[in-house]
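To start, the structure itself, in C-alpha cells.
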Amino acid sequence: MRAGATAPGSGRTETRKAPEGAGSRLFRELARMVAALAGTEGLRSFTLPYPRLAQRTLDRTVMHCLDIGEAPPKSLPELWEWCLTRPAGDPLFAVSPSLVAPDVTLVHPVGRMPTRSCLEVASHGPDGGVAAQARALLGDLEARSGTGERYRRCRRFLARHPVVQQQDRFGPGWSKSVWNQVKDLYGPVPESLLADGVLLRCPSCGLPALPRDGAVPLPGPSATADDLWCEGEECPRDAPPELIREPEQARMLRRPLRTFLALPYRTEEAALNALDRAGITHVPLPGPLPAHRLRGTGPGTAHLQVYDRLQPALLAAHLTDSALPGDRTFVVVPRELAGRDGYRKDFTDALPAPLRHRLVLTTPVDLVPDLGQPRGEEKDDA
C-alpha cells in the first residue's frame with residue numbers, strides 16, 4: 001500500500017494532484033535514465049555513490065513525491081522496481097493517454113531491461129534521445145562510406161546482423177570491406193544480456209532474449225511470452241531461442257541501432273519488395289533514415305518512410321518535427337501494429353491538422369493499394 005499525505009480526520013493517506021505536466025516530465029526523465037543505465041548491469045548491482053545521472057533522477061523523483069504526498073523511493077534499486085511496476089497512467093506520473101498508453105512501463109517484467117516504449121519515450125524531446133543516437137551513428141557511417149551504394153550495403157549488413165559470430169566471417173556473402181567499415185559499431189556482448197553465460201537470440205527478430213528466471217531454456221516446446229523476453233517484445237513464440245554458448249566470440253550491434261535500425265528493417269524490406277512487385281520505382285534519399293522517393297505514383301511528390309514504433313502518438317510527434325517535403329509521405333509500420341485498436345486514430349489525432357492528409361499510415365501489405373487512393377481517404381482502425 002502506498003504511503004502519502006494524511007487527510008485531516010480521515011485516518012487514511014492521499015496523494016495530492018501533481019502540478020500539470022510535472023509527472024509526465026519525470027516519466028520521460030526516468031525513461032532516459034533507464035535507457036542510459038541498463039547497459040551497466042542493471043540498477044540492482046549499483047552501489048554508492050550512484051552515477052550522476054541516476055542520482056539526479058532519484059533526487060528529482062524524491063522531490064516530486066514529496067510535492068504530491070507520496071512516499072519516495074529509498075534507493076536506486078527501489079526506483080528501478082518502480083519503473084518496472086508503475087505505468088505511465090499511475091497518479092505519480094499521470095502521463096496523458098494521448099501521448100503514451102496508460103499501461104506502459106519503463107522496465108520489462110521478464111527481461112528487467114528497458115521496454116521498447118521506454119526507448120521511444122526517452123527519444124521524445126528536443127535532443128531526440130536514443131533514436132537520435134542511432135541517427136548520429138548512421139550519419140557518421142554514411143559520411144565515412146563515401147558513396148550512397150556503399151553506405152546502403154553497410155546499413156543492410158548492420159540491419160541483418162545485430163549479432164556477429166566468429167563463424168559468420170567464413171560464410172557465404174561475407175564482405176571483409178563492409179565489416180571493416182562497420183565493425184566499430186559492434187561491441188562485446190554485455191553480461192547483463194547473458195543467462196548462465198549463454199546468449200539467447202530470438203528466432204523471429206534476431207535480437208537478444210532473456211528468460212524470466214535467468215536459466216537457459218531446456219530443449220523442447222518454445223518459451224511463451226510469460227517466461228521469455230526479447231528486445232523485439234512483439235515476436236511470436238513458435239520456435240525456441242537460438243543459444244550462443246560462446247558469447248565471448250560474438251560481437252553485438254549497439255542498442256540504439258538494434259532498436260531503431262535492425263527492428264524495423266524487415267518491414268522496410270517487405271515494403272520495398274511490394275513496390276518492386278508492382279513495378280513502382282523507389283529511389284533512396286540521402287541521409288541516415290530509411291526514406292525513399294516514389295516515382296510513377298501519379299501527380300505530386302510521394303515519399304516512403306518505415307518505422308516500427310509501439311506508441312503512435314510519439315511516432316506522430318517525431319514525424320511532425322521531421323516531415324519530408326512533398327505532397328504525401330507513406331509511413332509504413334508493421335501490419336500487427338497498424339491493426340491494433342486505436343493505433344491509426346491515435347497517430348492521426350497527434351498530427352497537426354496540416355499534416356493529417358500528407359502523412360499516410362500504412363503497412364507493407366496495404367502500401368500499393370494506398371498509393372492509388374485519393375488524398376484524404378483514411379482507414380479505420382481494425
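Identifiers for the C-alpha cells are assigned positionally: chains receive A, B, ... in sequence, residues are indexed from 1 per chain, and ligands are indexed from 1 in the order shown.
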
Inset, instruction - List every residue of region 148-202 of chain A that DSSP, applied to the backbone of this structure, assigns to alpha helix (DSSP H), and report them as a list in words. - result: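 Restricting region 148-202 of chain A to alpha helix (DSSP H) produces Gly148, Glu149, Arg150, Tyr151, Arg152, Arg153, Cys154, Arg155, Arg156, Phe157, Leu158, Ala159, Arg160, Lys176, Ser177, Val178, Trp179, Asn180, Gln181 and Val182 of chain A.
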
Selection to disk with N, CA, C and O atoms, as a PDB file, in the first residue's frame:
```
ATOM      1  N   GLY A 148      26.700   6.535 -51.821  1.00  0.00           N
ATOM      2  CA  GLY A 148      25.417   6.080 -51.326  1.00  0.00           C
ATOM      3  C   GLY A 148      25.270   4.569 -51.375  1.00  0.00           C
ATOM      4  O   GLY A 148      24.723   3.955 -50.462  1.00  0.00           O
ATOM      5  N   GLU A 149      25.781   3.947 -52.435  1.00  0.00           N
ATOM      6  CA  GLU A 149      25.659   2.499 -52.573  1.00  0.00           C
ATOM      7  C   GLU A 149      26.460   1.782 -51.499  1.00  0.00           C
ATOM      8  O   GLU A 149      25.997   0.792 -50.908  1.00  0.00           O
ATOM      9  N   ARG A 150      27.653   2.283 -51.210  1.00  0.00           N
ATOM     10  CA  ARG A 150      28.464   1.648 -50.162  1.00  0.00           C
ATOM     11  C   ARG A 150      27.789   1.798 -48.798  1.00  0.00           C
ATOM     12  O   ARG A 150      27.793   0.866 -47.989  1.00  0.00           O
ATOM     13  N   TYR A 151      27.214   2.966 -48.560  1.00  0.00           N
ATOM     14  CA  TYR A 151      26.502   3.164 -47.291  1.00  0.00           C
ATOM     15  C   TYR A 151      25.320   2.218 -47.176  1.00  0.00           C
ATOM     16  O   TYR A 151      25.091   1.611 -46.113  1.00  0.00           O
ATOM     17  N   ARG A 152      24.568   2.034 -48.242  1.00  0.00           N
ATOM     18  CA  ARG A 152      23.400   1.151 -48.185  1.00  0.00           C
ATOM     19  C   ARG A 152      23.826  -0.300 -47.950  1.00  0.00           C
ATOM     20  O   ARG A 152      23.124  -1.046 -47.252  1.00  0.00           O
ATOM     21  N   ARG A 153      24.963  -0.713 -48.512  1.00  0.00           N
ATOM     22  CA  ARG A 153      25.454  -2.069 -48.244  1.00  0.00           C
ATOM     23  C   ARG A 153      25.808  -2.223 -46.768  1.00  0.00           C
ATOM     24  O   ARG A 153      25.501  -3.242 -46.144  1.00  0.00           O
ATOM     25  N   CYS A 154      26.451  -1.193 -46.217  1.00  0.00           N
ATOM     26  CA  CYS A 154      26.822  -1.253 -44.803  1.00  0.00           C
ATOM     27  C   CYS A 154      25.581  -1.250 -43.915  1.00  0.00           C
ATOM     28  O   CYS A 154      25.488  -2.014 -42.942  1.00  0.00           O
ATOM     29  N   ARG A 155      24.631  -0.402 -44.248  1.00  0.00           N
ATOM     30  CA  ARG A 155      23.405  -0.313 -43.459  1.00  0.00           C
ATOM     31  C   ARG A 155      22.630  -1.634 -43.504  1.00  0.00           C
ATOM     32  O   ARG A 155      22.096  -2.093 -42.484  1.00  0.00           O
ATOM     33  N   ARG A 156      22.586  -2.249 -44.695  1.00  0.00           N
ATOM     34  CA  ARG A 156      21.903  -3.541 -44.834  1.00  0.00           C
ATOM     35  C   ARG A 156      22.598  -4.606 -43.989  1.00  0.00           C
ATOM     36  O   ARG A 156      21.942  -5.434 -43.346  1.00  0.00           O
ATOM     37  N   PHE A 157      23.929  -4.587 -43.962  1.00  0.00           N
ATOM     38  CA  PHE A 157      24.665  -5.554 -43.146  1.00  0.00           C
ATOM     39  C   PHE A 157      24.326  -5.378 -41.673  1.00  0.00           C
ATOM     40  O   PHE A 157      24.059  -6.350 -40.960  1.00  0.00           O
ATOM     41  N   LEU A 158      24.329  -4.145 -41.189  1.00  0.00           N
ATOM     42  CA  LEU A 158      24.022  -3.888 -39.786  1.00  0.00           C
ATOM     43  C   LEU A 158      22.624  -4.386 -39.432  1.00  0.00           C
ATOM     44  O   LEU A 158      22.423  -5.015 -38.386  1.00  0.00           O
ATOM     45  N   ALA A 159      21.661  -4.098 -40.295  1.00  0.00           N
ATOM     46  CA  ALA A 159      20.279  -4.474 -40.016  1.00  0.00           C
ATOM     47  C   ALA A 159      20.097  -5.986 -39.987  1.00  0.00           C
ATOM     48  O   ALA A 159      19.303  -6.506 -39.197  1.00  0.00           O
ATOM     49  N   ARG A 160      20.835  -6.689 -40.827  1.00  0.00           N
ATOM     50  CA  ARG A 160      20.687  -8.143 -40.908  1.00  0.00           C
ATOM     51  C   ARG A 160      21.575  -8.889 -39.932  1.00  0.00           C
ATOM     52  O   ARG A 160      21.414 -10.107 -39.748  1.00  0.00           O
ATOM     53  N   LYS A 176      34.620  -8.563 -46.341  1.00  0.00           N
ATOM     54  CA  LYS A 176      35.630  -8.024 -45.432  1.00  0.00           C
ATOM     55  C   LYS A 176      35.632  -6.501 -45.458  1.00  0.00           C
ATOM     56  O   LYS A 176      35.801  -5.844 -44.427  1.00  0.00           O
ATOM     57  N   SER A 177      35.417  -5.931 -46.644  1.00  0.00           N
ATOM     58  CA  SER A 177      35.440  -4.469 -46.745  1.00  0.00           C
ATOM     59  C   SER A 177      34.269  -3.847 -45.986  1.00  0.00           C
ATOM     60  O   SER A 177      34.427  -2.814 -45.321  1.00  0.00           O
ATOM     61  N   VAL A 178      33.086  -4.472 -46.071  1.00  0.00           N
ATOM     62  CA  VAL A 178      31.935  -3.966 -45.322  1.00  0.00           C
ATOM     63  C   VAL A 178      32.190  -4.100 -43.825  1.00  0.00           C
ATOM     64  O   VAL A 178      31.933  -3.170 -43.046  1.00  0.00           O
ATOM     65  N   TRP A 179      32.698  -5.245 -43.413  1.00  0.00           N
ATOM     66  CA  TRP A 179      32.962  -5.451 -41.988  1.00  0.00           C
ATOM     67  C   TRP A 179      33.961  -4.423 -41.449  1.00  0.00           C
ATOM     68  O   TRP A 179      33.767  -3.870 -40.360  1.00  0.00           O
ATOM     69  N   ASN A 180      35.009  -4.159 -42.206  1.00  0.00           N
ATOM     70  CA  ASN A 180      35.979  -3.158 -41.769  1.00  0.00           C
ATOM     71  C   ASN A 180      35.340  -1.776 -41.619  1.00  0.00           C
ATOM     72  O   ASN A 180      35.768  -0.967 -40.792  1.00  0.00           O
ATOM     73  N   GLN A 181      34.293  -1.525 -42.411  1.00  0.00           N
ATOM     74  CA  GLN A 181      33.624  -0.227 -42.361  1.00  0.00           C
ATOM     75  C   GLN A 181      32.690  -0.109 -41.158  1.00  0.00           C
ATOM     76  O   GLN A 181      32.478   0.992 -40.636  1.00  0.00           O
ATOM     77  N   VAL A 182      32.138  -1.235 -40.699  1.00  0.00           N
ATOM     78  CA  VAL A 182      31.085  -1.174 -39.677  1.00  0.00           C
ATOM     79  C   VAL A 182      31.489  -1.765 -38.327  1.00  0.00           C
ATOM     80  O   VAL A 182      30.742  -1.628 -37.357  1.00  0.00           O
TER      81      VAL A 182
END
```

Inset, instruction - Tell me which protein, DNA and RNA residues are within 8 Å of region 253-259 of chain A, counting only C-alpha atoms, leaving out same-chain ones fewer than 3 positions away, and put them as a list in words. - result: Arg116, Val130, Ala131, Gln133, Ala134, Leu158, Ala159, His161, Pro162, Val163, Leu185, Tyr186, Gly187, Leu207, Glu231, Gly232, Ala262, Leu263 and Pro264 of chain A

Inset, instruction - Enter the distance from CA of Asp327 (chain A) to CA of Gly372 (chain A), in Å, rounded to one decimal. - result: 13.9 Å

Inset, instruction - Please provide the set of residues having any atom within 12 Å of Leu361 (chain A), restricted to only C-alpha atoms, with same-chain residues fewer than 5 positions apart removed, written as number ranges by chain. - result: A: 304-308, 312, 315-316, 319, 328-335, 337-339, 343-348, 351, 355-356, 366-367, 370-371, 376-381

Inset, instruction - For CA of Thr301 (chain A) and CA of Asp321 (chain A), quote the distance in Å rounded to one decimal. - result: 19.3 Å

For the contact check between region 295-381 of chain A and region 272-283 of chain A, emit one row per residue of region 295-381 of chain A within 9 Å, containing the shortest atom pair and the distance in Å rounded to one decimal, counting only C-alpha atoms, chain then rising number order, as a tab-separated table.
```
residue	atom	partner	partner_atom	distance
A:Arg295	CA	A:Thr281	CA	5.2
A:Gly296	CA	A:Ile280	CA	6.3
A:Thr297	CA	A:Ile280	CA	7.4
A:His303	CA	A:His282	CA	8.6
A:Leu304	CA	A:His282	CA	8.5
A:Pro364	CA	A:Ala274	CA	6.7
A:Val365	CA	A:Ala274	CA	7.3
A:Leu367	CA	A:Ala274	CA	7.6
A:Val368	CA	A:Leu275	CA	6.7
```

Legend entry - Spatial neighbours of Asp227 (chain A), 8 Å, only C-alpha atoms, chain gap at least 4 places, as a PyMOL selection string: chain A and resi 110+211-213+223

Inset, instruction - Identify which of the residues A:Arg266, A:Arg201, A:His124, A:Arg169 lies closest to Leu314 (chain A), counting only C-alpha atoms when measuring atom-to-atom distances. - result: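 Among A:Arg266, A:Arg201, A:His124, A:Arg169, it is A:His124 that comes nearest to Leu314 (chain A).
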
As a tab-separated table (two decimals) with all heavy atoms, in the first residue's frame, please: the residues near Val189 (chain A) (cut-off 8 Å, only C-alpha atoms, same-chain neighbours under 5 positions excluded).
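See out00.tsv below for the written result:
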```
chain	number	residue	atom	x	y	z
A	247	PRO	N	29.50	-16.67	-26.12
A	247	PRO	CA	29.23	-15.26	-26.44
A	247	PRO	C	30.47	-14.39	-26.46
A	247	PRO	O	30.46	-13.32	-27.07
A	247	PRO	CB	28.27	-14.83	-25.32
A	247	PRO	CG	28.54	-15.79	-24.20
A	247	PRO	CD	28.89	-17.08	-24.85
A	248	GLU	N	31.54	-14.86	-25.82
A	248	GLU	CA	32.78	-14.07	-25.87
A	248	GLU	C	33.37	-14.04	-27.27
A	248	GLU	O	34.22	-13.19	-27.59
A	248	GLU	CB	33.80	-14.63	-24.87
A	248	GLU	CG	34.33	-16.02	-25.20
A	248	GLU	CD	33.40	-17.14	-24.77
A	248	GLU	OE1	32.33	-16.83	-24.18
A	248	GLU	OE2	33.75	-18.30	-24.99
A	250	ALA	N	31.42	-13.56	-29.87
A	250	ALA	CA	30.43	-12.82	-30.66
A	250	ALA	C	30.59	-11.32	-30.43
A	250	ALA	O	31.17	-10.88	-29.43
A	250	ALA	CB	29.01	-13.26	-30.30
A	251	ARG	N	30.08	-10.54	-31.37
A	251	ARG	CA	30.04	-9.08	-31.25
A	251	ARG	C	28.59	-8.65	-31.45
A	251	ARG	O	27.87	-9.20	-32.29
A	251	ARG	CB	30.94	-8.42	-32.30
A	251	ARG	CG	32.37	-8.88	-32.28
A	251	ARG	CD	33.12	-8.35	-31.08
A	251	ARG	NE	33.41	-6.92	-31.20
A	251	ARG	CZ	34.03	-6.22	-30.25
A	251	ARG	NH1	34.39	-6.80	-29.12
A	251	ARG	NH2	34.27	-4.94	-30.43
A	252	MET	N	28.16	-7.64	-30.69
A	252	MET	CA	26.76	-7.20	-30.72
A	252	MET	C	26.67	-5.74	-31.17
A	252	MET	O	27.43	-4.89	-30.72
A	252	MET	CB	26.12	-7.37	-29.35
A	252	MET	CG	24.64	-7.03	-29.31
A	252	MET	SD	23.87	-7.43	-27.72
A	252	MET	CE	23.88	-9.22	-27.81
```

Legend entry - Straight-line distance linking CA of Leu199 (chain A) with CA of Ile244 (chain A), stated in Å to one decimal: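 According to the coordinates, CA of Leu199 (chain A) and CA of Ile244 (chain A) are separated by 5.0 Å.
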
Shell of 7 Å around Pro114 (chain A), only C-alpha atoms, local chain residues under 5 positions omitted, as a PDB file with all heavy atoms, in the first residue's frame:
```
ATOM      1  N   VAL A  34      16.764   5.017 -17.375  1.00  0.00           N
ATOM      2  CA  VAL A  34      16.734   3.567 -17.587  1.00  0.00           C
ATOM      3  C   VAL A  34      17.475   3.202 -18.867  1.00  0.00           C
ATOM      4  O   VAL A  34      18.277   2.269 -18.901  1.00  0.00           O
ATOM      5  CB  VAL A  34      15.281   3.060 -17.629  1.00  0.00           C
ATOM      6  CG1 VAL A  34      15.214   1.620 -18.112  1.00  0.00           C
ATOM      7  CG2 VAL A  34      14.641   3.183 -16.247  1.00  0.00           C
ATOM      8  N   ALA A  35      17.225   3.966 -19.938  1.00  0.00           N
ATOM      9  CA  ALA A  35      17.887   3.682 -21.217  1.00  0.00           C
ATOM     10  C   ALA A  35      19.393   3.831 -21.103  1.00  0.00           C
ATOM     11  O   ALA A  35      20.150   3.031 -21.665  1.00  0.00           O
ATOM     12  CB  ALA A  35      17.340   4.617 -22.298  1.00  0.00           C
ATOM     13  N   ALA A  38      20.888   0.921 -18.342  1.00  0.00           N
ATOM     14  CA  ALA A  38      20.595  -0.510 -18.457  1.00  0.00           C
ATOM     15  C   ALA A  38      21.830  -1.311 -18.847  1.00  0.00           C
ATOM     16  O   ALA A  38      21.977  -2.470 -18.454  1.00  0.00           O
ATOM     17  CB  ALA A  38      19.489  -0.746 -19.480  1.00  0.00           C
ATOM     18  N   LEU A 106       8.428   1.250 -17.930  1.00  0.00           N
ATOM     19  CA  LEU A 106       9.743   1.546 -18.491  1.00  0.00           C
ATOM     20  C   LEU A 106      10.696   0.352 -18.436  1.00  0.00           C
ATOM     21  O   LEU A 106      11.661   0.289 -19.198  1.00  0.00           O
ATOM     22  CB  LEU A 106      10.368   2.737 -17.752  1.00  0.00           C
ATOM     23  CG  LEU A 106       9.559   4.033 -17.821  1.00  0.00           C
ATOM     24  CD1 LEU A 106      10.231   5.121 -16.989  1.00  0.00           C
ATOM     25  CD2 LEU A 106       9.384   4.491 -19.265  1.00  0.00           C
ATOM     26  N   VAL A 107      10.444  -0.586 -17.548  1.00  0.00           N
ATOM     27  CA  VAL A 107      11.281  -1.784 -17.415  1.00  0.00           C
ATOM     28  C   VAL A 107      10.395  -3.004 -17.635  1.00  0.00           C
ATOM     29  O   VAL A 107       9.284  -3.083 -17.087  1.00  0.00           O
ATOM     30  CB  VAL A 107      11.960  -1.850 -16.035  1.00  0.00           C
ATOM     31  CG1 VAL A 107      12.752  -3.152 -15.874  1.00  0.00           C
ATOM     32  CG2 VAL A 107      12.896  -0.655 -15.851  1.00  0.00           C
ATOM     33  N   HIS A 108      10.872  -3.955 -18.435  1.00  0.00           N
ATOM     34  CA  HIS A 108      10.064  -5.142 -18.758  1.00  0.00           C
ATOM     35  C   HIS A 108      10.082  -6.120 -17.580  1.00  0.00           C
ATOM     36  O   HIS A 108      11.144  -6.390 -17.014  1.00  0.00           O
ATOM     37  CB  HIS A 108      10.607  -5.822 -20.011  1.00  0.00           C
ATOM     38  CG  HIS A 108       9.648  -6.778 -20.621  1.00  0.00           C
ATOM     39  ND1 HIS A 108       9.491  -8.066 -20.160  1.00  0.00           N
ATOM     40  CD2 HIS A 108       8.770  -6.641 -21.653  1.00  0.00           C
ATOM     41  CE1 HIS A 108       8.578  -8.680 -20.885  1.00  0.00           C
ATOM     42  NE2 HIS A 108       8.113  -7.842 -21.791  1.00  0.00           N
ATOM     43  N   LEU A 119      12.332   3.259 -24.604  1.00  0.00           N
ATOM     44  CA  LEU A 119      13.274   3.880 -25.536  1.00  0.00           C
ATOM     45  C   LEU A 119      12.574   4.918 -26.414  1.00  0.00           C
ATOM     46  O   LEU A 119      13.181   5.922 -26.789  1.00  0.00           O
ATOM     47  CB  LEU A 119      13.938   2.815 -26.399  1.00  0.00           C
ATOM     48  CG  LEU A 119      14.752   1.761 -25.636  1.00  0.00           C
ATOM     49  CD1 LEU A 119      15.438   0.810 -26.602  1.00  0.00           C
ATOM     50  CD2 LEU A 119      15.763   2.401 -24.706  1.00  0.00           C
TER      51      LEU A 119
END
```

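Between Arg358 (chain A) and the candidates A:Arg60, A:Leu285, A:Gly300, A:Glu29, the tightest atom-to-atom separation, counting only C-alpha atoms, involves A:Gly300.
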
Inset, instruction - Find the spatial neighbours of region 88-100 of chain A, counting only C-alpha atoms, within a cut-off of 6 Å - ignore same-chain residues fewer than 5 positions away - and output them as a ChimeraX atom specification. - result: /A:23-24,313

Legend entry - Option closest in space to Ala132 (chain A), from A:Arg309, A:Leu289, A:Tyr265, A:Val360 [counting only C-alpha atoms]: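 Residue with the minimum atom-to-atom distance to Ala132 (chain A): A:Leu289.
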